[in-house]
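K.L.:
Have a peek at model08.cif (mmCIF, C-alpha atoms and all ligand atoms).
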data_start
loop_
_atom_site.label_atom_id
_atom_site.label_comp_id
_atom_site.auth_asym_id
_atom_site.auth_seq_id
_atom_site.Cartn_x
_atom_site.Cartn_y
_atom_site.Cartn_z
CA MET A 1 -1.65 25.90 -19.02
CA ASP A 2 -0.46 22.33 -19.06
CA PHE A 3 -0.75 19.15 -17.03
CA PHE A 4 2.88 18.69 -15.98
CA ASP A 5 3.01 19.58 -12.30
CA TYR A 6 4.80 18.67 -9.09
CA LYS A 7 2.88 16.71 -6.48
CA ASN A 8 4.68 15.27 -3.43
CA ASN A 9 8.02 16.42 -4.81
CA GLN A 10 7.54 14.37 -8.00
CA LEU A 11 6.99 15.76 -11.46
CA HIS A 12 3.76 14.32 -12.82
CA ALA A 13 2.43 13.98 -16.33
CA GLU A 14 -1.29 14.23 -15.61
CA ASP A 15 -1.81 11.54 -12.93
CA ILE A 16 1.42 9.56 -13.34
CA THR A 17 4.85 10.33 -11.98
CA VAL A 18 7.48 10.94 -14.63
CA LYS A 19 9.82 8.79 -12.55
CA GLU A 20 7.52 5.80 -13.02
CA LEU A 21 7.21 6.47 -16.74
CA ALA A 22 10.99 6.68 -17.11
CA ALA A 23 11.37 3.37 -15.28
CA GLN A 24 8.76 1.72 -17.48
CA TYR A 25 9.79 3.08 -20.88
CA GLY A 26 13.45 4.02 -20.40
CA THR A 27 15.21 7.26 -21.21
CA PRO A 28 15.47 9.41 -23.19
CA CYS A 29 11.78 9.62 -24.03
CA TYR A 30 9.21 12.18 -25.02
CA ILE A 31 6.16 12.25 -22.78
CA TYR A 32 2.99 13.97 -23.94
CA SER A 33 -0.19 14.89 -22.12
CA ARG A 34 -3.43 14.23 -23.97
CA LYS A 35 -5.35 16.66 -21.78
CA THR A 36 -2.90 19.43 -22.62
CA PHE A 37 -3.20 18.84 -26.36
CA GLU A 38 -6.97 18.93 -26.04
CA ARG A 39 -6.98 22.01 -23.89
CA HIS A 40 -4.73 23.94 -26.26
CA TYR A 41 -6.66 22.87 -29.34
CA LEU A 42 -9.97 23.89 -27.75
CA ALA A 43 -8.50 27.26 -26.73
CA PHE A 44 -8.35 28.02 -30.45
CA ALA A 45 -11.41 26.11 -31.62
CA GLN A 46 -13.72 27.70 -29.05
CA ALA A 47 -12.29 31.20 -29.29
CA ALA A 48 -14.00 32.54 -32.40
CA THR A 49 -17.59 32.30 -31.27
CA ASN A 50 -18.94 34.86 -33.72
CA HIS A 51 -17.01 33.91 -36.82
CA LYS A 52 -17.00 30.72 -38.89
CA ASN A 53 -13.58 29.17 -38.48
CA LEU A 54 -11.44 26.07 -38.81
CA VAL A 55 -8.33 25.18 -36.81
CA CYS A 56 -5.82 23.40 -39.03
CA TYR A 57 -3.16 22.10 -36.64
CA ALA A 58 0.33 22.38 -38.20
CA VAL A 59 1.40 18.75 -38.41
CA LYS A 60 5.12 19.57 -38.57
CA ALA A 61 5.08 20.57 -34.90
CA ASN A 62 4.31 17.03 -33.76
CA SER A 63 3.16 14.46 -36.27
CA ASN A 64 2.78 11.30 -34.20
CA ILE A 65 -0.44 9.63 -35.37
CA ALA A 66 -1.71 9.38 -31.79
CA VAL A 67 -1.39 13.16 -31.46
CA LEU A 68 -3.13 13.71 -34.80
CA ASN A 69 -5.86 11.29 -33.81
CA VAL A 70 -6.52 13.02 -30.48
CA LEU A 71 -6.98 16.29 -32.37
CA ALA A 72 -8.98 14.73 -35.24
CA ARG A 73 -11.45 13.34 -32.70
CA LEU A 74 -12.12 16.91 -31.60
CA GLY A 75 -12.78 17.95 -35.20
CA SER A 76 -9.42 19.49 -35.99
CA GLY A 77 -8.29 20.24 -39.52
CA PHE A 78 -4.62 19.98 -40.46
CA ASP A 79 -1.96 22.07 -42.17
CA ILE A 80 0.44 19.79 -44.02
CA VAL A 81 3.60 20.34 -46.04
CA SER A 82 4.26 16.96 -47.63
CA LYS A 83 2.70 13.75 -48.86
CA GLY A 84 4.08 12.08 -45.75
CA GLU A 85 2.26 14.46 -43.45
CA LEU A 86 -0.97 14.04 -45.41
CA ALA A 87 -0.66 10.25 -45.26
CA ARG A 88 -0.17 10.52 -41.50
CA VAL A 89 -3.32 12.63 -41.16
CA ILE A 90 -5.38 10.10 -43.09
CA THR A 91 -3.89 7.17 -41.15
CA ALA A 92 -4.76 8.98 -37.93
CA GLY A 93 -8.39 9.35 -38.96
CA GLY A 94 -8.18 12.98 -40.05
CA ASP A 95 -10.63 14.40 -42.56
CA ALA A 96 -9.01 15.29 -45.91
CA SER A 97 -11.64 17.93 -46.55
CA LYS A 98 -10.20 19.85 -43.58
CA VAL A 99 -6.61 19.77 -44.83
CA VAL A 100 -4.68 22.73 -46.22
CA PHE A 101 -1.45 22.04 -48.07
CA SER A 102 1.39 24.56 -47.51
CA GLY A 103 4.99 24.47 -48.70
CA VAL A 104 7.12 25.95 -51.45
CA ALA A 105 8.05 22.83 -53.42
CA LYS A 106 5.02 20.59 -53.88
CA THR A 107 5.83 17.87 -56.39
CA ALA A 108 3.40 16.69 -59.08
CA ASP A 109 3.10 13.39 -57.20
CA GLU A 110 2.22 15.18 -53.93
CA ILE A 111 -0.32 17.38 -55.70
CA ALA A 112 -1.98 14.35 -57.33
CA PHE A 113 -2.10 12.49 -54.00
CA ALA A 114 -3.75 15.45 -52.26
CA LEU A 115 -6.16 16.12 -55.14
CA LYS A 116 -7.40 12.54 -55.19
CA LEU A 117 -8.00 12.66 -51.45
CA GLY A 118 -10.03 15.86 -51.87
CA ILE A 119 -8.18 18.29 -49.62
CA LYS A 120 -9.68 21.65 -48.71
CA CYS A 121 -7.06 23.87 -50.31
CA PHE A 122 -3.58 24.22 -51.77
CA ASN A 123 -1.76 27.23 -50.34
CA VAL A 124 0.16 28.22 -53.44
CA GLU A 125 3.57 29.84 -53.08
CA SER A 126 4.61 30.64 -56.68
CA VAL A 127 3.33 31.18 -60.20
CA SER A 128 5.08 28.02 -61.38
CA GLU A 129 3.25 26.08 -58.69
CA LEU A 130 -0.07 27.39 -60.06
CA ASP A 131 0.90 26.05 -63.48
CA ARG A 132 1.85 22.69 -62.00
CA ILE A 133 -1.35 22.30 -59.97
CA SER A 134 -3.45 23.28 -62.99
CA HIS A 135 -1.63 20.74 -65.13
CA VAL A 136 -2.02 17.89 -62.62
CA ALA A 137 -5.69 18.73 -61.98
CA ASN A 138 -6.42 18.66 -65.71
CA GLU A 139 -4.70 15.34 -66.17
CA LEU A 140 -6.79 13.87 -63.37
CA ASN A 141 -9.92 15.65 -64.52
CA LEU A 142 -10.29 17.20 -61.06
CA VAL A 143 -10.59 20.75 -59.81
CA ALA A 144 -8.00 22.04 -57.35
CA PRO A 145 -9.14 24.53 -54.71
CA ILE A 146 -6.37 27.10 -54.29
CA SER A 147 -5.41 30.08 -52.22
CA ILE A 148 -2.37 32.25 -52.76
CA ARG A 149 0.05 32.50 -49.86
CA VAL A 150 1.03 36.14 -49.86
CA ASN A 151 4.20 37.56 -48.42
CA PRO A 152 3.23 40.86 -46.76
CA ASP A 153 6.80 41.97 -45.97
CA ILE A 154 6.17 42.25 -42.23
CA ASP A 155 8.83 41.79 -39.58
CA ALA A 156 7.53 39.07 -37.25
CA LYS A 157 10.20 40.03 -34.67
CA THR A 158 11.24 36.44 -34.09
CA HIS A 159 14.38 34.36 -34.68
CA PRO A 160 15.55 34.92 -38.29
CA TYR A 161 15.38 31.18 -39.04
CA ILE A 162 11.66 31.06 -38.25
CA SER A 163 10.66 34.37 -39.79
CA THR A 164 8.81 33.81 -43.05
CA GLY A 165 6.95 37.00 -43.97
CA LEU A 166 9.78 39.27 -45.08
CA LYS A 167 10.48 39.90 -48.72
CA GLU A 168 13.92 38.30 -48.40
CA ASN A 169 12.30 35.03 -47.25
CA LYS A 170 11.52 32.29 -49.79
CA PHE A 171 7.88 32.05 -48.75
CA GLY A 172 4.75 33.29 -50.47
CA ILE A 173 4.09 35.68 -53.32
CA ASP A 174 4.82 39.39 -53.00
CA ILE A 175 1.51 40.89 -51.85
CA LEU A 176 2.01 43.82 -54.24
CA THR A 177 1.79 41.52 -57.25
CA ALA A 178 -0.84 39.19 -55.77
CA THR A 179 -3.84 40.61 -57.64
CA SER A 180 -2.26 39.91 -61.00
CA VAL A 181 -1.30 36.42 -59.83
CA TYR A 182 -4.93 35.77 -58.83
CA GLN A 183 -6.02 37.00 -62.27
CA TYR A 184 -3.57 34.60 -63.84
CA ALA A 185 -4.89 31.77 -61.63
CA ALA A 186 -8.43 32.61 -62.73
CA SER A 187 -7.36 32.12 -66.33
CA LEU A 188 -5.96 28.62 -65.74
CA PRO A 189 -8.09 25.49 -66.19
CA GLY A 190 -8.57 23.06 -63.31
CA LEU A 191 -8.28 25.64 -60.54
CA LYS A 192 -10.90 27.07 -58.22
CA ILE A 193 -9.85 30.15 -56.28
CA THR A 194 -11.16 29.80 -52.75
CA GLY A 195 -8.99 31.83 -50.42
CA VAL A 196 -5.93 33.75 -49.39
CA ASP A 197 -3.23 32.68 -46.99
CA CYS A 198 -0.51 34.38 -44.99
CA HIS A 199 1.97 33.00 -42.44
CA ILE A 200 4.63 35.44 -41.29
CA GLY A 201 6.67 33.39 -38.86
CA SER A 202 6.77 31.30 -35.74
CA GLN A 203 7.07 32.00 -32.01
CA LEU A 204 5.52 35.48 -32.30
CA THR A 205 4.95 36.93 -28.86
CA GLU A 206 3.20 40.15 -29.88
CA ILE A 207 -0.09 40.68 -31.63
CA LYS A 208 1.04 43.69 -33.68
CA PRO A 209 2.79 41.92 -36.59
CA PHE A 210 -0.23 39.61 -37.02
CA LEU A 211 -2.55 42.62 -37.29
CA GLU A 212 -0.24 44.50 -39.64
CA ALA A 213 -0.19 41.47 -41.93
CA LEU A 214 -3.96 41.05 -41.61
CA ASP A 215 -4.59 44.66 -42.63
CA LYS A 216 -2.51 44.17 -45.75
CA VAL A 217 -4.36 40.96 -46.59
CA LEU A 218 -7.75 42.62 -46.08
CA ALA A 219 -6.72 45.41 -48.47
CA LEU A 220 -5.82 42.71 -51.00
CA ILE A 221 -9.20 41.03 -50.49
CA ASP A 222 -10.89 44.38 -51.25
CA ASP A 223 -8.77 44.82 -54.34
CA LEU A 224 -9.58 41.33 -55.55
CA LYS A 225 -13.28 41.97 -55.03
CA ALA A 226 -13.04 45.15 -57.10
CA ASN A 227 -11.47 42.98 -59.80
CA GLY A 228 -14.28 40.43 -59.67
CA ILE A 229 -12.50 37.79 -57.58
CA GLU A 230 -14.46 36.73 -54.50
CA LEU A 231 -12.86 34.55 -51.85
CA SER A 232 -14.53 32.24 -49.38
CA HIS A 233 -11.77 31.85 -46.79
CA LEU A 234 -8.96 33.72 -45.11
CA ASP A 235 -6.11 31.64 -43.70
CA ILE A 236 -3.97 33.63 -41.31
CA GLY A 237 -1.40 30.88 -40.73
CA GLY A 238 0.08 29.88 -37.41
CA GLY A 239 2.89 31.41 -35.43
CA LEU A 240 1.44 32.25 -32.05
CA GLY A 241 4.29 31.87 -29.55
CA VAL A 242 4.49 30.13 -26.21
CA PRO A 243 6.17 31.13 -22.95
CA TYR A 244 9.53 29.31 -23.00
CA ASN A 245 11.37 31.78 -20.78
CA GLY A 246 9.02 34.37 -19.36
CA GLU A 247 7.66 35.57 -22.71
CA ALA A 248 4.04 36.63 -22.44
CA PRO A 249 2.37 35.91 -25.79
CA PRO A 250 -1.34 36.65 -25.99
CA HIS A 251 -3.67 33.81 -25.01
CA PRO A 252 -5.23 32.15 -28.09
CA SER A 253 -8.61 33.66 -27.19
CA GLU A 254 -7.08 37.15 -27.08
CA TYR A 255 -5.24 36.56 -30.35
CA VAL A 256 -8.39 35.29 -32.05
CA ALA A 257 -10.47 38.18 -30.65
CA HIS A 258 -8.01 40.75 -32.04
CA ILE A 259 -8.32 39.14 -35.44
CA THR A 260 -12.08 38.69 -35.52
CA ASP A 261 -12.50 42.31 -34.35
CA ARG A 262 -11.04 43.32 -37.71
CA LEU A 263 -13.40 41.07 -39.63
CA THR A 264 -16.81 42.58 -38.98
CA ASP A 265 -17.06 43.54 -42.66
CA TYR A 266 -15.82 40.12 -43.77
CA GLN A 267 -18.36 37.81 -42.13
CA HIS A 268 -18.63 35.72 -45.28
CA LEU A 269 -14.97 34.63 -45.02
CA GLU A 270 -14.26 31.42 -43.17
CA LEU A 271 -11.25 32.04 -40.93
CA ILE A 272 -8.52 29.40 -40.87
CA PHE A 273 -5.79 29.14 -38.23
CA GLU A 274 -2.68 26.96 -38.55
CA PRO A 275 -1.29 26.78 -35.00
CA GLY A 276 1.40 24.21 -34.31
CA ARG A 277 3.60 25.28 -31.43
CA ALA A 278 0.81 26.88 -29.38
CA ILE A 279 -1.00 23.54 -29.31
CA ALA A 280 1.93 21.13 -29.00
CA ALA A 281 4.92 22.74 -27.29
CA ASN A 282 3.78 22.66 -23.70
CA ALA A 283 1.98 19.36 -24.19
CA GLY A 284 5.29 17.51 -24.12
CA ILE A 285 8.51 17.03 -22.18
CA LEU A 286 11.77 15.30 -23.02
CA VAL A 287 12.96 13.11 -20.17
CA THR A 288 16.65 12.40 -19.91
CA LYS A 289 19.00 10.82 -17.40
CA VAL A 290 22.25 12.27 -16.07
CA GLU A 291 24.96 9.83 -17.15
CA PHE A 292 27.89 11.73 -15.68
CA ILE A 293 28.71 14.86 -13.78
CA LYS A 294 31.93 16.43 -15.00
CA GLN A 295 33.92 19.44 -13.91
CA ASN A 296 36.47 21.19 -16.15
CA GLN A 297 38.16 23.80 -13.96
CA ASP A 298 35.29 26.05 -12.88
CA LYS A 299 32.78 24.72 -15.40
CA PHE A 300 30.21 22.07 -14.47
CA PHE A 301 28.64 19.75 -17.01
CA ALA A 302 25.74 17.37 -16.59
CA ILE A 303 26.18 14.91 -19.42
CA VAL A 304 22.77 13.46 -20.19
CA ASP A 305 21.53 10.65 -22.41
CA ALA A 306 19.55 12.94 -24.78
CA GLY A 307 21.41 14.88 -27.42
CA MET A 308 20.95 17.35 -30.21
CA ASN A 309 19.75 14.53 -32.45
CA ASP A 310 16.80 14.08 -30.07
CA MET A 311 16.14 17.81 -29.52
CA LEU A 312 17.72 20.14 -32.06
CA ARG A 313 16.18 23.47 -31.07
CA PRO A 314 18.87 24.69 -28.64
CA ALA A 315 21.66 23.88 -31.14
CA LEU A 316 19.86 25.27 -34.17
CA TYR A 317 18.20 28.40 -32.80
CA GLN A 318 19.97 28.86 -29.46
CA ALA A 319 16.48 28.17 -28.12
CA TRP A 320 16.00 28.26 -24.35
CA GLN A 321 13.76 25.64 -22.81
CA ASN A 322 13.36 25.08 -19.12
CA ILE A 323 15.11 22.03 -17.65
CA VAL A 324 13.76 20.78 -14.36
CA PRO A 325 14.53 17.88 -12.04
CA VAL A 326 12.01 15.05 -12.15
CA THR A 327 12.51 14.55 -8.40
CA PRO A 328 13.93 17.76 -6.91
CA ARG A 329 16.68 17.00 -4.41
CA ASN A 330 16.15 18.16 -0.87
CA ASP A 331 19.37 16.65 0.49
CA ASP A 332 22.76 18.34 0.80
CA THR A 333 23.73 17.93 -2.89
CA PRO A 334 25.42 21.21 -3.87
CA THR A 335 23.89 23.45 -6.51
CA TYR A 336 25.99 24.48 -9.50
CA ASN A 337 25.51 26.26 -12.76
CA PHE A 338 25.42 23.31 -15.12
CA ASP A 339 25.66 23.09 -18.86
CA ILE A 340 23.32 20.24 -19.75
CA VAL A 341 25.09 18.53 -22.64
CA GLY A 342 24.43 15.41 -24.69
CA PRO A 343 26.46 12.46 -25.97
CA VAL A 344 26.80 13.73 -29.55
CA CYS A 345 30.25 14.67 -30.80
CA GLU A 346 29.51 18.35 -31.44
CA THR A 347 30.18 21.37 -29.28
CA GLY A 348 26.68 22.56 -30.19
CA ASP A 349 25.20 19.49 -28.52
CA PHE A 350 23.47 20.98 -25.51
CA LEU A 351 19.95 21.07 -24.13
CA GLY A 352 20.62 24.09 -21.97
CA LYS A 353 23.43 26.20 -20.55
CA ASP A 354 24.02 27.75 -17.16
CA ARG A 355 21.19 26.01 -15.35
CA LEU A 356 21.30 26.28 -11.59
CA LEU A 357 20.59 22.73 -10.41
CA ALA A 358 21.49 20.26 -7.66
CA LEU A 359 22.35 17.10 -9.56
CA GLN A 360 23.91 13.71 -9.12
CA GLN A 361 24.71 10.95 -11.55
CA GLY A 362 21.56 8.97 -12.36
CA ASP A 363 19.15 11.85 -11.74
CA LEU A 364 16.32 12.41 -14.18
CA LEU A 365 15.72 15.76 -15.85
CA ALA A 366 12.78 16.98 -17.89
CA GLN A 367 13.15 19.51 -20.65
CA ARG A 368 9.88 21.40 -20.78
CA SER A 369 8.01 22.73 -23.82
CA ALA A 370 9.37 19.89 -25.92
CA GLY A 371 6.10 18.78 -27.52
CA ALA A 372 6.56 20.94 -30.63
CA TYR A 373 9.49 20.66 -33.03
CA GLY A 374 11.12 18.15 -30.69
CA PHE A 375 10.63 14.62 -31.94
CA THR A 376 9.72 15.82 -35.46
CA MET A 377 13.15 17.42 -35.87
CA SER A 378 15.03 14.51 -34.36
CA SER A 379 17.50 12.46 -36.39
CA ASN A 380 19.74 9.43 -36.21
CA TYR A 381 22.95 11.47 -36.13
CA ASN A 382 25.78 9.55 -34.47
CA SER A 383 23.72 6.41 -35.23
CA ARG A 384 21.48 7.04 -32.28
CA PRO A 385 18.10 5.30 -32.47
CA ARG A 386 15.23 7.74 -32.14
CA VAL A 387 13.67 7.75 -28.70
CA ALA A 388 10.31 6.45 -27.51
CA GLU A 389 7.20 8.63 -27.42
CA ILE A 390 4.60 8.16 -24.72
CA MET A 391 1.16 9.69 -24.35
CA VAL A 392 -0.34 10.00 -20.90
CA ASP A 393 -4.10 10.01 -20.58
CA GLY A 394 -5.13 10.51 -16.95
CA GLU A 395 -3.85 7.48 -15.06
CA GLN A 396 -2.99 5.55 -18.21
CA SER A 397 0.13 5.73 -20.32
CA HIS A 398 0.51 4.54 -23.90
CA LEU A 399 3.64 3.86 -25.90
CA ILE A 400 2.80 5.76 -29.10
CA ARG A 401 6.14 5.21 -30.81
CA ALA A 402 8.55 2.49 -29.85
CA ARG A 403 12.18 3.35 -29.32
CA GLU A 404 14.03 2.55 -32.53
CA THR A 405 16.29 -0.47 -32.51
CA VAL A 406 19.94 -0.34 -33.49
CA GLU A 407 19.23 -2.79 -36.34
CA SER A 408 16.65 -0.41 -37.81
CA LEU A 409 19.40 2.17 -38.30
CA TRP A 410 20.70 0.54 -41.47
CA GLN A 411 17.36 -0.59 -42.84
CA GLY A 412 17.42 0.03 -46.58
CA GLU A 413 21.22 0.21 -46.71
CA LYS A 414 23.17 -2.32 -48.74
CA ILE A 415 26.73 -3.58 -48.90
CA LEU A 416 28.30 -3.72 -52.39
CA PRO A 417 28.45 -7.20 -54.00
N1 LIG B 1 1.76 27.31 -41.14
C1 LIG B 1 2.87 27.37 -41.89
C2 LIG B 1 2.75 27.63 -43.32
C3 LIG B 1 4.13 27.17 -41.31
O1 LIG B 1 5.21 27.25 -42.06
C4 LIG B 1 4.22 26.92 -39.92
C5 LIG B 1 5.52 26.71 -39.28
C6 LIG B 1 3.03 26.85 -39.18
C7 LIG B 1 1.82 27.06 -39.81
C8 LIG B 1 3.02 26.58 -37.71
O2 LIG B 1 3.67 27.58 -37.00
P1 LIG B 1 3.62 27.61 -35.40
O3 LIG B 1 2.19 27.86 -34.99
O4 LIG B 1 4.08 26.29 -34.92
O5 LIG B 1 4.52 28.70 -35.03
N2 LIG B 1 11.32 24.42 -36.07
C9 LIG B 1 11.05 25.76 -35.59
C10 LIG B 1 9.70 26.26 -36.04
C11 LIG B 1 9.53 26.25 -37.55
C12 LIG B 1 8.15 26.67 -37.98
C13 LIG B 1 7.94 26.44 -39.42
N3 LIG B 1 6.63 26.75 -39.89
C14 LIG B 1 11.20 25.78 -34.08
O6 LIG B 1 11.51 24.76 -33.50
O7 LIG B 1 11.06 26.83 -33.47
#
Show me the file's structure as structure tokens.
Ligand code: LLP

P.N.:
Amino acid sequence: MDFFDYKNNQLHAEDITVKELAAQYGTPCYIYSRKTFERHYLAFAQAATNHKNLVCYAVKANSNIAVLNVLARLGSGFDIVSKGELARVITAGGDASKVVFSGVAKTADEIAFALKLGIKCFNVESVSELDRISHVANELNLVAPISIRVNPDIDAKTHPYISTGLKENKFGIDILTATSVYQYAASLPGLKITGVDCHIGSQLTEIKPFLEALDKVLALIDDLKANGIELSHLDIGGGLGVPYNGEAPPHPSEYVAHITDRLTDYQHLELIFEPGRAIAANAGILVTKVEFIKQNQDKFFAIVDAGMNDMLRPALYQAWQNIVPVTPRNDDTPTYNFDIVGPVCETGDFLGKDRLLALQQGDLLAQRSAGAYGFTMSSNYNSRPRVAEIMVDGEQSHLIRARETVESLWQGEKILP
């Protein structure tokens, strides 16, 4: 549930009309709801009542420091994949000891940065990475807590680009060889084995693949124990989906209950979740203005001021996200099946296709479920400044990232002498 609702025929973000926000901050802009972020975070954090757990919000979903700070204040941990994300967490007031570091290509510099800050764990994705972490830890005279990210070869039944737990994917270490990799890790100096990690994909709408992966990981934990390797945490990654278009993913509490039900014999293991989308997606909207209405024979286009550089998901994954009018028309404007397209010079530049709407030039539209993988995947393609981000908190709104200026586009560039 989120806090974007219609009242008096006006879309509201919490207690403010989106129309007012668009007038104040301009379009396009991302608008977030603090209450929604908090609600979604707490749905995870309060779900596992009978099992020690830590929610490590996946920063890549939405990494604005105001978002990270809202979650940090509630005690959230963070899942990061780069030095930049870790620096954001620290700047936002996050606690390094609640940070897990995922990703297949951690550099020596990133490892050193994270080690010095004292993160909770490195989720290791290859044998060479183990060697590198051991080397860096020794040089710094520090001990690196590690877990192995295993690849359980489970079909997450999601879009192929966001499926990560199949053996053909680049992620993790083949679960069948994991015990020997743990034994190798145990032989290296500077490492402390603390856990195991598994993330099989994103936007999963069924519980079954999660449980299949969990069963394989629990069998590995048993095998490790038989080989004298005891773990203290189990990180089951993120991936819980959201309803974009009528999907019915389990509620976080249901998802967590299914998992903890399997863990009665593993009470000693701290459970770590890495949700990104389930916390952020429906906590944000992308607001855009109709610049032109255009008809090509029997095809209607609403050309809006937000493009694929602002929201890449439809172009990249053919993702469907609801597009709604900010002020629904109740006049005699005709309704057509519109393709909602952006200003970018690419045929793939659309926010949505075949949307039945009554629209006129100048109308405002809101793309829903845009809080996750929206702004974070935006770019300056076509030399378009990145848009403003706004956080609504009850009756207050805050500009949490200023719209980029045109001059900032060539910052760091240089003309030859
Ligand atoms: N943990 C790891 C190791 C991950 O790789 C990811 C996401 C997450 C957690 C968070 O997953 P979530 O709970 O958000 O599903 N750009 C794509 C999604 C890519 C997800 C990448 N990894 C999209 O817009 O759908």

K.L.:
Can you pull out every residue with an atom within 7 Å of ligand LIG 1 (chain B)? Use only C-alpha atoms and all ligand atoms and format it as a list in words.

P.N.:
Ala58, Ala61, Asp79, Ser102, Gly103, Ile162, His199, Gly201, Ser202, Gln203, Gly237, Gly238, Gly239, Leu240, Gly241, Glu274, Pro275, Gly276, Arg277, Ala278, Arg313, Ala372 and Tyr373 of chain A

K.L.:
So what do you get for atom CA of Leu21 of chain A versus atom CA of Pro385 of chain A, distance-wise?

P.N.:
19.2 Å

K.L.:
Do a neighbour search on Ser383 of chain A at 10 Å with all atoms listed in the file, toss out local chain neighbours closer than 3 positions, and write the hits as a list in words.

P.N.:
Asn309, Val344, Ser379, Asn380, Arg386, Val406, Leu409 and Trp410 of chain A

K.L.:
Would you list the residues near (0.1, 17.0, -56.7) (no more than 10 Å away, in the coordinates of the file, using all atoms listed in the file) as a list in words?

P.N.:
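Collected hits near the coordinates: Ser82, Lys83, Lys106, Thr107, Ala108, Asp109, Glu110, Ile111, Ala112, Phe113, Ala114, Leu115, Lys116, Phe122, Glu129, Arg132, Ile133, Ser134, His135, Val136, Ala137 and Ala144 of chain A.
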
K.L.:
What does the file look like for those residues with C-alpha atoms, as a compact mmCIF listing (two decimals), in the coordinates of the input?

P.N.:
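So again-v2.txt came out as:
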# COMPACT_ATOMS: atom_id res chain seq x y z
CA SER A 82 4.26 16.96 -47.63
CA LYS A 83 2.70 13.75 -48.86
CA LYS A 106 5.02 20.59 -53.88
CA THR A 107 5.83 17.87 -56.39
CA ALA A 108 3.40 16.69 -59.08
CA ASP A 109 3.10 13.39 -57.20
CA GLU A 110 2.22 15.18 -53.93
CA ILE A 111 -0.32 17.38 -55.70
CA ALA A 112 -1.98 14.35 -57.33
CA PHE A 113 -2.10 12.49 -54.00
CA ALA A 114 -3.75 15.45 -52.26
CA LEU A 115 -6.16 16.12 -55.14
CA LYS A 116 -7.40 12.54 -55.19
CA PHE A 122 -3.58 24.22 -51.77
CA GLU A 129 3.25 26.08 -58.69
CA ARG A 132 1.85 22.69 -62.00
CA ILE A 133 -1.35 22.30 -59.97
CA SER A 134 -3.45 23.28 -62.99
CA HIS A 135 -1.63 20.74 -65.13
CA VAL A 136 -2.02 17.89 -62.62
CA ALA A 137 -5.69 18.73 -61.98
CA ALA A 144 -8.00 22.04 -57.35

K.L.:
Which neighbours of Gly371 of chain A fall inside 10 Å, counting all atoms listed in the file, when residues of the same chain fewer than 3 positions from it are skipped, and could you give them as a JSON list (two decimals) with C-alpha atoms, in the frame of the given file?

P.N.:
[["chain", "number", "residue", "atom", "x", "y", "z"],
["A", 30, "TYR", "CA", 9.21, 12.18, -25.02],
["A", 31, "ILE", "CA", 6.16, 12.25, -22.78],
["A", 32, "TYR", "CA", 2.99, 13.97, -23.94],
["A", 33, "SER", "CA", -0.19, 14.89, -22.12],
["A", 37, "PHE", "CA", -3.20, 18.84, -26.36],
["A", 61, "ALA", "CA", 5.08, 20.57, -34.90],
["A", 62, "ASN", "CA", 4.31, 17.03, -33.76],
["A", 276, "GLY", "CA", 1.40, 24.21, -34.31],
["A", 277, "ARG", "CA", 3.60, 25.28, -31.43],
["A", 278, "ALA", "CA", 0.81, 26.88, -29.38],
["A", 279, "ILE", "CA", -1.00, 23.54, -29.31],
["A", 280, "ALA", "CA", 1.93, 21.13, -29.00],
["A", 281, "ALA", "CA", 4.92, 22.74, -27.29],
["A", 282, "ASN", "CA", 3.78, 22.66, -23.70],
["A", 283, "ALA", "CA", 1.98, 19.36, -24.19],
["A", 284, "GLY", "CA", 5.29, 17.51, -24.12],
["A", 285, "ILE", "CA", 8.51, 17.03, -22.18],
["A", 286, "LEU", "CA", 11.77, 15.30, -23.02],
["A", 367, "GLN", "CA", 13.15, 19.51, -20.65],
["A", 368, "ARG", "CA", 9.88, 21.40, -20.78],
["A", 374, "GLY", "CA", 11.12, 18.15, -30.69],
["A", 375, "PHE", "CA", 10.63, 14.62, -31.94],
["A", 376, "THR", "CA", 9.72, 15.82, -35.46]]

K.L.:
Segment 294-319 of chain A near segment 149-160 of chain A within 10 Å: what's each residue's closest atom pair and its distance in Å to one decimal, counting only C-alpha atoms, ordered by chain then ascending residue number, as a Markdown table?

P.N.:
| residue | atom | partner | partner_atom | distance |
| --- | --- | --- | --- | --- |
| A:Tyr317 | CA | A:His159 | CA | 7.3 |
| A:Gln318 | CA | A:His159 | CA | 9.4 |
| A:Ala319 | CA | A:His159 | CA | 9.3 |

K.L.:
A:Thr164, A:Leu234, A:Pro209, A:Cys345: which is nearest Leu263 of chain A, counting all atoms listed in the file?

P.N.:
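Smallest distance to Leu263 of chain A is found for A:Leu234.
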